[in-house]
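Pasting start-v6.txt here (compact mmCIF, C-alpha atoms):
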# COMPACT_ATOMS: atom_id res chain seq x y z
CA MET V 1 0.00 0.00 0.00
CA ILE V 2 1.14 3.50 -0.83
CA LYS V 3 0.07 6.48 1.24
CA ILE V 4 0.85 10.11 0.53
CA VAL V 5 0.51 12.61 3.35
CA ALA V 6 0.60 16.12 1.91
CA VAL V 7 0.24 19.55 3.42
CA GLY V 8 -2.40 21.59 1.59
CA LYS V 9 -5.07 20.89 -0.95
CA ILE V 10 -5.08 20.69 -4.74
CA LYS V 11 -6.98 23.74 -5.94
CA GLU V 12 -6.63 23.57 -9.72
CA LYS V 13 -9.06 21.30 -11.56
CA ALA V 14 -6.55 20.49 -14.30
CA MET V 15 -3.96 19.39 -11.73
CA GLN V 16 -6.54 17.27 -9.90
CA SER V 17 -7.50 15.64 -13.18
CA LEU V 18 -3.88 14.60 -13.82
CA ILE V 19 -3.52 13.32 -10.26
CA ASP V 20 -6.71 11.31 -10.69
CA GLU V 21 -5.31 9.76 -13.87
CA TYR V 22 -2.21 8.48 -12.03
CA LYS V 23 -4.35 7.27 -9.11
CA LYS V 24 -6.34 5.23 -11.64
CA ARG V 25 -3.20 3.84 -13.28
CA LEU V 26 -1.70 2.90 -9.91
CA SER V 27 -4.81 0.96 -8.92
CA ALA V 28 -3.57 -1.89 -11.13
CA PHE V 29 -0.51 -2.29 -8.86
CA THR V 30 -1.32 -1.10 -5.35
CA LYS V 31 -3.80 0.48 -3.04
CA LEU V 32 -3.26 4.23 -2.84
CA GLU V 33 -4.38 6.67 -0.19
CA ILE V 34 -3.80 10.42 -0.34
CA ILE V 35 -4.27 12.32 2.90
CA GLU V 36 -4.28 16.10 2.87
CA VAL V 37 -3.54 17.91 6.11
CA ASN V 38 -4.31 21.59 6.56
CA ASP V 39 -1.56 24.09 5.98
CA GLU V 40 -1.03 26.94 8.41
CA MET V 41 -2.02 30.47 7.53
CA ILE V 42 1.18 32.52 7.60
CA PRO V 43 1.16 36.32 8.01
CA ALA V 44 2.79 38.41 5.28
CA ASN V 45 5.58 39.64 7.56
CA ASN V 46 6.12 36.42 9.47
CA SER V 47 8.90 36.01 12.03
CA GLU V 48 11.18 33.00 12.41
CA ALA V 49 9.20 32.04 15.53
CA GLN V 50 5.96 32.11 13.51
CA ASN V 51 7.59 29.96 10.81
CA GLU V 52 8.69 27.41 13.40
CA ALA V 53 5.24 27.36 15.01
CA ALA V 54 3.65 26.77 11.59
CA LYS V 55 6.07 23.93 10.78
CA GLN V 56 5.39 22.40 14.19
CA ALA V 57 1.61 22.54 13.73
CA GLU V 58 1.81 21.04 10.23
CA GLY V 59 4.31 18.45 11.47
CA ASN V 60 1.96 17.36 14.25
CA ARG V 61 -0.82 16.89 11.69
CA ILE V 62 1.49 14.85 9.45
CA LEU V 63 2.75 12.61 12.26
CA ALA V 64 -0.82 11.92 13.38
CA LYS V 65 -1.42 10.26 9.99
CA ILE V 66 1.63 7.93 10.12
CA LYS V 67 1.59 4.52 11.82
CA ASP V 68 4.63 2.92 13.43
CA GLN V 69 4.94 0.08 10.89
CA GLU V 70 4.99 2.39 7.85
CA TYR V 71 8.20 3.06 5.95
CA VAL V 72 8.33 6.85 5.57
CA ILE V 73 9.91 8.51 2.55
CA LEU V 74 10.20 12.24 2.97
CA LEU V 75 10.37 14.47 -0.10
CA ASP V 76 13.25 16.68 0.92
CA LEU V 77 15.48 19.22 -0.83
CA TRP V 78 18.41 17.81 1.16
CA GLY V 79 17.59 14.18 0.48
CA GLU V 80 19.26 11.67 -1.80
CA SER V 81 18.72 11.92 -5.55
CA LEU V 82 17.70 8.70 -7.30
CA SER V 83 17.23 7.87 -10.95
CA SER V 84 13.90 6.32 -11.85
CA GLU V 85 15.55 2.90 -12.05
CA LYS V 86 17.16 3.25 -8.61
CA PHE V 87 13.88 4.51 -7.17
CA ALA V 88 12.07 1.46 -8.61
CA LYS V 89 14.67 -0.81 -6.98
CA LYS V 90 14.32 1.03 -3.67
CA MET V 91 10.53 0.63 -3.78
CA ALA V 92 10.87 -3.09 -4.53
CA ASP V 93 13.44 -3.55 -1.76
CA ILE V 94 11.29 -1.75 0.82
CA GLN V 95 8.25 -3.83 -0.05
CA THR V 96 10.28 -7.06 -0.02
CA TYR V 97 12.51 -6.57 3.03
CA HIS V 98 10.79 -3.95 5.22
CA THR V 99 7.05 -3.50 4.83
CA SER V 100 4.37 -3.31 2.19
CA GLN V 101 3.23 0.03 3.65
CA ILE V 102 5.15 2.98 2.22
CA THR V 103 4.20 6.51 3.20
CA PHE V 104 5.45 9.54 1.30
CA VAL V 105 5.40 12.94 2.98
CA ILE V 106 5.15 16.26 1.14
CA GLY V 107 5.62 19.16 3.55
CA GLY V 108 4.35 22.70 3.48
CA SER V 109 5.93 25.77 1.91
CA LEU V 110 8.07 26.45 4.99
CA GLY V 111 9.46 22.94 5.16
CA LEU V 112 9.07 20.29 7.83
CA SER V 113 9.38 20.08 11.58
CA LYS V 114 12.39 18.34 13.11
CA GLU V 115 10.10 15.59 14.38
CA VAL V 116 8.88 14.75 10.87
CA ILE V 117 12.45 14.73 9.56
CA GLN V 118 13.49 12.41 12.40
CA ARG V 119 10.59 10.05 11.65
CA ALA V 120 11.66 9.62 8.03
CA ASP V 121 13.25 6.32 7.05
CA PHE V 122 14.53 7.84 3.81
CA ARG V 123 14.84 11.38 2.50
CA TRP V 124 14.36 11.67 -1.26
CA LYS V 125 15.20 14.66 -3.41
CA LEU V 126 12.94 14.71 -6.47
CA SER V 127 15.00 17.32 -8.32
CA ASP V 128 17.37 20.23 -7.99
CA CYS V 129 14.52 22.36 -9.30
CA THR V 130 11.85 23.92 -7.11
CA PHE V 131 8.25 22.86 -7.72
CA THR V 132 4.97 23.84 -6.15
CA HIS V 133 3.65 21.33 -3.64
CA GLN V 134 0.84 20.50 -6.05
CA MET V 135 3.36 19.75 -8.81
CA CYS V 136 5.39 17.62 -6.38
CA ARG V 137 2.33 15.48 -5.74
CA LEU V 138 1.81 14.90 -9.46
CA ILE V 139 5.50 14.19 -10.11
CA LEU V 140 5.60 11.83 -7.13
CA LEU V 141 2.59 9.87 -8.40
CA GLU V 142 4.13 9.66 -11.87
CA GLN V 143 7.41 8.36 -10.43
CA ILE V 144 5.63 5.79 -8.27
CA TYR V 145 3.71 4.62 -11.34
CA ARG V 146 6.94 4.55 -13.36
CA SER V 147 8.60 2.46 -10.64
CA TYR V 148 5.88 -0.19 -10.88
CA MET V 149 6.19 -0.19 -14.66
CA ILE V 150 9.97 -0.67 -14.37
CA GLN V 151 9.55 -3.44 -11.79
CA ASN V 152 7.13 -5.23 -14.12
CA ASN V 153 9.30 -4.76 -17.25
CA MET V 154 6.58 -2.78 -18.99
CA PRO V 155 7.36 -0.37 -21.85
CA TYR V 156 6.13 2.89 -20.21
CA HIS V 157 9.62 3.74 -18.97
CA LYS V 158 11.27 3.75 -22.40
Any chance you could put this one into structure tokens?
Amino acid sequence: MIKIVAVGKIKEKAMQSLIDEYKKRLSAFTKLEIIEVNDEMIPANNSEAQNEAAKQAEGNRILAKIKDQEYVILLDLWGESLSSEKFAKKMADIQTYHTSQITFVIGGSLGLSKEVIQRADFRWKLSDCTFTHQMCRLILLEQIYRSYMIQNNMPYHK
């Protein structure tokens, strides 16, 4: 089972449509659950203390959605970069040797609390580029789908 815990909601219909397409494609390989937790409202001239409080509140919401037995992959700018092939192998290894329950975490615009970072079993850097959180969700779903296609020697990856 794959679970994605993401801060914030998808607001654009076109983006939601693309996400729905990958959810449908993934249903052939795994059960998928996407959990959205509320993001914090941040004042225009926010202080560092306000930023930390917001990250803490979002982090508490994220951690409340993660069970002990889940393998947590954190999307993180300071994580390890993986090619699609290496990501597919990592997914297969986790599901073979650790657990069938993989949870991906997409944090809010300010980043993640220390507690969420500490809970992560693996920190994955999607790209050197910066994407919106909504785009990250779509790219993540596409890469998860691609990993299953690679694992099953299907032509999508080519």
Please identify all polymer residues lying at most 9 Å from the point (9.2, 13.6, -4.9) (file coordinates), using all atoms listed in the file, and present the result as a VMD selection string.
chain V and resid 74 to 76 104 to 106 124 to 127 136 to 141 143
Contacts of Met15 (chain V) at 12 Å or less, counting all atoms listed in the file, minus same-chain residues fewer than 2 places along, as a list in words?
Lys9, Ile10, Lys11, Glu12, Lys13, Ser17, Leu18, Ile19, Asp20, Glu21, Tyr22, Thr132, His133, Gln134, Met135, Cys136, Arg137, Leu138 and Ile139 of chain V
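Ranking V:Ile73, V:Leu32, V:Met154, V:Ala120 by their shortest atom-to-atom distance to Met91 (chain V), with only C-alpha atoms included, puts V:Ile73 first.
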Using all atoms listed in the file, which of V:Asn46, V:Thr30, V:Ala64, V:Leu77 sits nearest Leu112 (chain V)?
V:Leu77
Pick out the closest residue to Ala49 (chain V) from this set: V:Ala92, V:Leu110, V:Leu63, V:Leu26. Count only C-alpha atoms.
V:Leu110
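The two atoms in question, CA of Asn51 (chain V) and CA of Tyr71 (chain V), are spaced 27.3 Å apart.
One distance worth recording is that between CA of Asp39 (chain V) and CA of Glu52 (chain V), which is 13.1 Å.
When all atoms listed in the file are used to compute distances to Ser27 (chain V), the closest of the residues V:Tyr148, V:Asp68, V:Ser47, V:Lys114 turns out to be V:Tyr148.
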Shortest interatomic distance to Asp121 (chain V) - which of V:Val72, V:Met149, V:Ile62, V:Ile144, counting only C-alpha atoms
V:Val72
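Going from CA of Gln151 (chain V) over to CA of Ile34 (chain V), you cover 22.4 Å.
When all atoms listed in the file are used to compute distances to Ser84 (chain V), the closest of the residues V:Ile150, V:Val116, V:Met1, V:Ile42 turns out to be V:Ile150.
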If I put a ball of radius 9 Å at (-2.1, 5.6, 1.0) in the file's coordinates, which residues poke into it when counting all atoms listed in the file, written as a PyMOL selection string?
chain V and resi 1-5+31-35+101-104
